[in-house]
Every structure is written in C-alpha cells, then in structure tokens.
>>> print(open('my_file-v9.pdb').read())   # PDB, C-alpha atoms, pLDDT in the B column
ATOM      1  CA  MET A 116     111.542  88.345 163.141  1.00 43.00           C
ATOM      2  CA  SER A 117     112.435  91.932 163.759  1.00 47.00           C
ATOM      3  CA  GLN A 118     109.753  93.921 165.473  1.00 48.00           C
ATOM      4  CA  ASP A 119     109.867  97.680 165.091  1.00 49.00           C
ATOM      5  CA  SER A 120     109.017  99.502 168.315  1.00 44.00           C
ATOM      6  CA  ARG A 121     109.394 103.065 167.070  1.00 46.00           C
ATOM      7  CA  GLU A 122     105.823 104.197 167.704  1.00 49.00           C
ATOM      8  CA  LYS A 123     105.761 104.258 171.508  1.00 76.00           C
ATOM      9  CA  ASN A 124     107.684 103.839 174.693  1.00 90.00           C
ATOM     10  CA  LEU A 125     107.686 100.214 175.757  1.00 96.00           C
ATOM     11  CA  LYS A 126     107.497  98.837 179.264  1.00 96.00           C
ATOM     12  CA  VAL A 127     110.204  96.424 180.402  1.00 96.00           C
ATOM     13  CA  SER A 128     107.625  93.620 180.650  1.00 96.00           C
ATOM     14  CA  GLU A 129     106.842  94.061 176.913  1.00 96.00           C
ATOM     15  CA  LEU A 130     110.423  93.403 175.762  1.00 96.00           C
ATOM     16  CA  LYS A 131     111.022  90.296 173.662  1.00 95.00           C
ATOM     17  CA  PRO A 132     114.217  89.113 171.957  1.00 95.00           C
ATOM     18  CA  GLY A 133     114.750  90.339 168.394  1.00 93.00           C
ATOM     19  CA  MET A 134     113.237  93.815 168.765  1.00 94.00           C
ATOM     20  CA  ASP A 135     114.820  96.885 167.103  1.00 94.00           C
ATOM     21  CA  ASN A 136     114.468 100.640 167.679  1.00 96.00           C
ATOM     22  CA  VAL A 137     113.285 100.103 171.247  1.00 96.00           C
ATOM     23  CA  THR A 138     112.510 103.113 173.434  1.00 97.00           C
ATOM     24  CA  VAL A 139     112.109 102.701 177.204  1.00 97.00           C
ATOM     25  CA  ARG A 140     111.937 105.073 180.165  1.00 97.00           C
ATOM     26  CA  VAL A 141     113.668 103.462 183.121  1.00 97.00           C
ATOM     27  CA  ARG A 142     115.531 103.977 186.376  1.00 97.00           C
ATOM     28  CA  VAL A 143     119.186 102.841 186.528  1.00 97.00           C
ATOM     29  CA  LEU A 144     119.357 100.293 189.363  1.00 97.00           C
ATOM     30  CA  GLU A 145     122.995  99.218 188.891  1.00 96.00           C
ATOM     31  CA  ALA A 146     125.725 100.639 186.659  1.00 96.00           C
ATOM     32  CA  GLY A 147     128.994  98.846 185.919  1.00 94.00           C
ATOM     33  CA  GLU A 148     132.354 100.183 184.812  1.00 94.00           C
ATOM     34  CA  PRO A 149     133.447  99.967 181.155  1.00 94.00           C
ATOM     35  CA  ARG A 150     135.643  97.027 180.202  1.00 94.00           C
ATOM     36  CA  THR A 151     137.139  95.623 177.006  1.00 94.00           C
ATOM     37  CA  ILE A 152     136.064  92.256 175.612  1.00 93.00           C
ATOM     38  CA  ASN A 153     137.245  90.349 172.536  1.00 92.00           C
ATOM     39  CA  THR A 154     134.615  89.700 169.872  1.00 88.00           C
ATOM     40  CA  ARG A 155     134.686  88.355 166.316  1.00 89.00           C
ATOM     41  CA  ARG A 156     135.189  91.951 165.218  1.00 87.00           C
ATOM     42  CA  GLY A 157     138.077  92.486 167.595  1.00 92.00           C
ATOM     43  CA  PRO A 158     138.198  94.243 170.975  1.00 93.00           C
ATOM     44  CA  ARG A 159     135.064  96.179 171.981  1.00 92.00           C
ATOM     45  CA  THR A 160     134.329  98.361 174.992  1.00 94.00           C
ATOM     46  CA  ILE A 161     131.174  97.495 176.918  1.00 95.00           C
ATOM     47  CA  SER A 162     129.576  98.167 180.263  1.00 96.00           C
ATOM     48  CA  GLU A 163     126.583  96.519 181.876  1.00 96.00           C
ATOM     49  CA  ALA A 164     123.757  97.903 183.933  1.00 97.00           C
ATOM     50  CA  VAL A 165     120.406  96.872 185.332  1.00 97.00           C
ATOM     51  CA  VAL A 166     117.493  99.175 184.556  1.00 98.00           C
ATOM     52  CA  GLY A 167     113.812  98.959 185.385  1.00 97.00           C
ATOM     53  CA  ASP A 168     110.366 100.475 185.409  1.00 97.00           C
ATOM     54  CA  GLU A 169     107.141  99.720 187.251  1.00 96.00           C
ATOM     55  CA  THR A 170     106.755  96.434 185.301  1.00 97.00           C
ATOM     56  CA  GLY A 171     110.179  94.852 185.908  1.00 96.00           C
ATOM     57  CA  ARG A 172     113.915  95.037 185.409  1.00 97.00           C
ATOM     58  CA  VAL A 173     116.248  94.079 182.577  1.00 97.00           C
ATOM     59  CA  ARG A 174     119.990  93.784 182.027  1.00 97.00           C
ATOM     60  CA  LEU A 175     121.345  96.497 179.730  1.00 97.00           C
ATOM     61  CA  THR A 176     124.576  96.183 177.752  1.00 96.00           C
ATOM     62  CA  LEU A 177     126.107  99.441 176.539  1.00 96.00           C
ATOM     63  CA  TRP A 178     128.435  99.096 173.531  1.00 94.00           C
ATOM     64  CA  GLY A 179     131.225 101.379 172.291  1.00 92.00           C
ATOM     65  CA  SER A 180     130.914 105.062 173.104  1.00 89.00           C
ATOM     66  CA  ALA A 181     127.701 104.375 175.066  1.00 90.00           C
ATOM     67  CA  ALA A 182     129.668 102.291 177.613  1.00 91.00           C
ATOM     68  CA  GLY A 183     129.926 103.888 181.040  1.00 88.00           C
ATOM     69  CA  ASN A 184     127.333 106.594 180.326  1.00 85.00           C
ATOM     70  CA  LEU A 185     124.971 105.682 183.171  1.00 93.00           C
ATOM     71  CA  GLU A 186     124.878 106.589 186.825  1.00 94.00           C
ATOM     72  CA  GLN A 187     122.997 104.539 189.408  1.00 95.00           C
ATOM     73  CA  GLY A 188     119.702 106.090 190.503  1.00 96.00           C
ATOM     74  CA  THR A 189     119.254 108.223 187.376  1.00 96.00           C
ATOM     75  CA  ALA A 190     115.994 108.256 185.391  1.00 97.00           C
ATOM     76  CA  VAL A 191     116.769 107.866 181.674  1.00 97.00           C
ATOM     77  CA  GLU A 192     115.107 107.402 178.314  1.00 97.00           C
ATOM     78  CA  ILE A 193     116.906 104.922 176.079  1.00 96.00           C
ATOM     79  CA  ARG A 194     116.170 105.220 172.336  1.00 96.00           C
ATOM     80  CA  GLY A 195     117.395 103.143 169.430  1.00 96.00           C
ATOM     81  CA  ALA A 196     118.090 100.049 171.521  1.00 96.00           C
ATOM     82  CA  TRP A 197     117.705  96.428 170.450  1.00 96.00           C
ATOM     83  CA  THR A 198     117.018  93.228 172.347  1.00 96.00           C
ATOM     84  CA  THR A 199     118.717  89.851 172.435  1.00 94.00           C
ATOM     85  CA  ALA A 200     118.527  86.932 174.852  1.00 94.00           C
ATOM     86  CA  TYR A 201     121.151  85.407 177.118  1.00 91.00           C
ATOM     87  CA  ARG A 202     120.570  82.359 179.319  1.00 91.00           C
ATOM     88  CA  GLY A 203     116.820  82.607 178.838  1.00 92.00           C
ATOM     89  CA  GLN A 204     116.480  86.266 179.755  1.00 94.00           C
ATOM     90  CA  VAL A 205     115.914  89.266 177.514  1.00 96.00           C
ATOM     91  CA  VAL A 206     118.860  91.671 177.319  1.00 97.00           C
ATOM     92  CA  LEU A 207     118.516  95.293 176.202  1.00 97.00           C
ATOM     93  CA  ASN A 208     121.455  96.672 174.167  1.00 96.00           C
ATOM     94  CA  VAL A 209     122.410 100.200 173.146  1.00 96.00           C
ATOM     95  CA  GLY A 210     125.323 101.227 170.953  1.00 93.00           C
ATOM     96  CA  ASN A 211     126.718 104.209 169.098  1.00 89.00           C
ATOM     97  CA  ARG A 212     123.481 104.805 167.163  1.00 90.00           C
ATOM     98  CA  GLY A 213     121.307 104.772 170.270  1.00 94.00           C
ATOM     99  CA  GLU A 214     120.565 107.669 172.600  1.00 95.00           C
ATOM    100  CA  ILE A 215     120.476 107.899 176.376  1.00 95.00           C
ATOM    101  CA  ASN A 216     118.787 111.023 177.724  1.00 95.00           C
ATOM    102  CA  THR A 217     118.428 111.975 181.370  1.00 95.00           C
ATOM    103  CA  LEU A 218     114.814 112.467 182.475  1.00 96.00           C
ATOM    104  CA  ASP A 219     113.239 114.378 185.302  1.00 95.00           C
ATOM    105  CA  ASP A 220     113.367 112.174 188.402  1.00 93.00           C
ATOM    106  CA  SER A 221     109.557 111.933 188.516  1.00 93.00           C
ATOM    107  CA  GLU A 222     109.407 110.240 185.063  1.00 93.00           C
ATOM    108  CA  ALA A 223     110.586 106.836 186.325  1.00 93.00           C
ATOM    109  CA  PRO A 224     109.645 104.834 189.419  1.00 93.00           C
ATOM    110  CA  ARG A 225     111.841 104.956 192.516  1.00 93.00           C
ATOM    111  CA  GLU A 226     114.344 102.099 192.874  1.00 94.00           C
ATOM    112  CA  ASP A 227     112.244 100.445 195.605  1.00 93.00           C
ATOM    113  CA  GLU A 228     109.177 100.506 193.295  1.00 94.00           C
ATOM    114  CA  VAL A 229     110.822  98.373 190.581  1.00 95.00           C
ATOM    115  CA  PRO A 230     109.729  94.731 190.844  1.00 95.00           C
ATOM    116  CA  GLU A 231     112.220  91.848 190.615  1.00 94.00           C
ATOM    117  CA  GLU A 232     110.529  90.334 187.521  1.00 92.00           C
ATOM    118  CA  THR A 233     112.609  90.140 184.345  1.00 91.00           C
ATOM    119  CA  PRO A 234     111.322  89.437 180.839  1.00 93.00           C
ATOM    120  CA  ARG A 235     112.108  85.882 179.705  1.00 92.00           C
ATOM    121  CA  ALA A 236     112.927  84.701 176.220  1.00 88.00           C
ATOM    122  CA  PRO A 237     110.762  81.955 174.727  1.00 86.00           C
ATOM    123  CA  PRO A 238     112.502  78.582 175.242  1.00 83.00           C
ATOM    124  CA  ASP A 239     112.732  77.962 171.489  1.00 79.00           C
ATOM    125  CA  TRP A 240     114.022  81.442 170.570  1.00 76.00           C
ATOM    126  CA  GLN A 241     117.078  81.464 168.322  1.00 78.00           C
ATOM    127  CA  PRO A 242     118.949  84.561 167.202  1.00 75.00           C
ATOM    128  CA  PRO A 243     118.594  85.367 163.509  1.00 71.00           C
ATOM    129  CA  ALA A 244     121.279  83.951 161.236  1.00 70.00           C
ATOM    130  CA  ARG A 245     124.219  86.299 160.931  1.00 63.00           C
ATOM    131  CA  ARG A 246     124.749  87.901 157.586  1.00 59.00           C
ATOM    132  CA  SER A 247     128.353  88.058 156.554  1.00 54.00           C
ATOM    133  CA  SER A 248     129.723  91.439 155.669  1.00 53.00           C
ATOM    134  CA  GLY A 249     131.540  92.032 152.439  1.00 51.00           C
ATOM    135  CA  PHE A 250     131.508  89.846 149.389  1.00 48.00           C
ATOM    136  CA  ARG A 251     132.742  86.500 150.697  1.00 48.00           C
ATOM    137  CA  GLY A 252     132.538  83.889 148.023  1.00 48.00           C
ATOM    138  CA  PHE A 253     131.692  86.475 145.371  1.00 47.00           C
ATOM    139  CA  ARG A 254     134.450  87.721 143.130  1.00 48.00           C
ATOM    140  CA  THR A 255     134.288  90.459 140.586  1.00 48.00           C
ATOM    141  CA  ARG A 256     136.821  90.958 137.849  1.00 47.00           C
ATOM    142  CA  ARG A 257     137.986  94.361 136.811  1.00 52.00           C
ATOM    143  CA  TYR A 258     139.310  93.169 133.520  1.00 50.00           C
ATOM    144  CA  PRO A 259     137.944  90.492 131.200  1.00 51.00           C
ATOM    145  CA  ARG A 260     139.810  87.234 131.119  1.00 52.00           C
ATOM    146  CA  TYR A 261     141.347  86.399 127.699  1.00 49.00           C
TER     147      TYR A 261
END
>>> encode(input="my_file-v9.pdb", output="structure tokens")
Amino acid sequence: MSQDSREKNLKVSELKPGMDNVTVRVRVLEAGEPRTINTRRGPRTISEAVVGDETGRVRLTLWGSAAGNLEQGTAVEIRGAWTTAYRGQVVLNVGNRGEINTLDDSEAPREDEVPEETPRAPPDWQPPARRSSGFRGFRTRRYPRY
C-alpha cells in the first residue's frame, strides 16, 4: 500500500506508514550526530532527528550521505522521503535520493509552537514484504546442456 504524496506538501499529522515521495516543511527540533549501524546490507551511516510543524512532531532518520545534514532550529523542506513505523509511531526517512533544503525562518513554526503530538501507526500495520534483490532461486544457463 504505497501512497504517492508528490502533489503537495504534507503536514506531520497527515503522515502514515508506507508513504513514498513525501514532502514536508518542518522545523528541526533535535539533531543527532551520525553513527554507523549494521544492517542486512552491511554497515550504514545514519543520524536521527526530531522535526515538526504546527500539527505535530515526528522522528526523522537520515540515511547515508543525508546523515548529519541538519542543524537544530533550522527550517527545512524535506523532499523524496518515505515513512515507516517503529514501536507504533510513524518515522520519516530520507536517504541519498531525497533532498533537504533550508527555508526562510518564517516558513516553519517556531520550536515552541510545535505540539507534542506524533502520528501513530495503525495497530495492525505491517511493513510490505521485502523483495529480494538479484535472481535468487532463478538460474540462467549461458550454454545449452548436452
């Protein structure tokens, strides 16, 4: 259930797990330092932040070259993000294909104007099944067998 959000800027309160191409205009409330984690694909660099607008706040995970690109207090537009869920809460993610652009300070609410509410994932939400990469279980032959 991938929902395409390309047409407009979304508010934090409108975020739901499983969305792609998300664009939001937010204020950076907290910004963490990059760190390396081990994933199925090997070590990856990430950083975490909390961002928000006038409708709420959401945890943001920055992957790869996007990690560490935020400064607390900055107003930013995040494009090309996607959403997941962790422990019942929606998480916004941005990676190498996403964009983070600094906005004029007036284009996002002040830190003290961002409410504590965070978007919640539906209790029965499950991430989509992972597709394997490559041709596991499928073999091609270059030469005919005689």
>>> residues_near_point(input="my_file-v9.pdb", point="(113.4, 91.0, 174.7)", cutoff="10 Å", atoms="all atoms listed in the file", output="PyMOL selection string")
chain A and resi 127-135+137+173+197-201+203-208+233-237
>>> atom_distance(input="my_file-v9.pdb", atom1="CA of Glu169 in chain A", atom2="CA of Lys126 in chain A")
8.0 Å
>>> resolve_selection(input="my_file-v9.pdb", expression="the PyMOL selection byres ((chain A and resi 221) around 12)", output="MDAnalysis selection string")
chainID A and resid 140:142 168 188:191 217:220 222:226
>>> closest_residue(input="my_file-v9.pdb", among="A:Gly210, A:Val166, A:Glu228, A:Arg194", to="Ala182 in chain A", atoms="all atoms listed in the file")
A:Gly210
>>> atom_distance(input="my_file-v9.pdb", atom1="CA of Glu192 in chain A", atom2="CA of Thr170 in chain A")
15.5 Å
>>> atom_distance(input="my_file-v9.pdb", atom1="CA of Gly171 in chain A", atom2="CA of Arg150 in chain A")
26.2 Å
>>> resolve_selection(input="my_file-v9.pdb", expression="the PyMOL selection byres ((chain A and resi 179) around 10)", output="ChimeraX atom specification")
/A:149,151,159-162,177-178,180-183,209-212
>>> residues_near_point(input="my_file-v9.pdb", point="(127.0, 95.9, 186.1)", cutoff="8 Å", atoms="all atoms listed in the file", output="ChimeraX atom specification")
/A:145-148,162-165
>>> closest_residue(input="my_file-v9.pdb", among="A:Asn136, A:Leu144, A:Asn124, A:Gly213", to="Asp227 in chain A", atoms="only C-alpha atoms")
A:Leu144
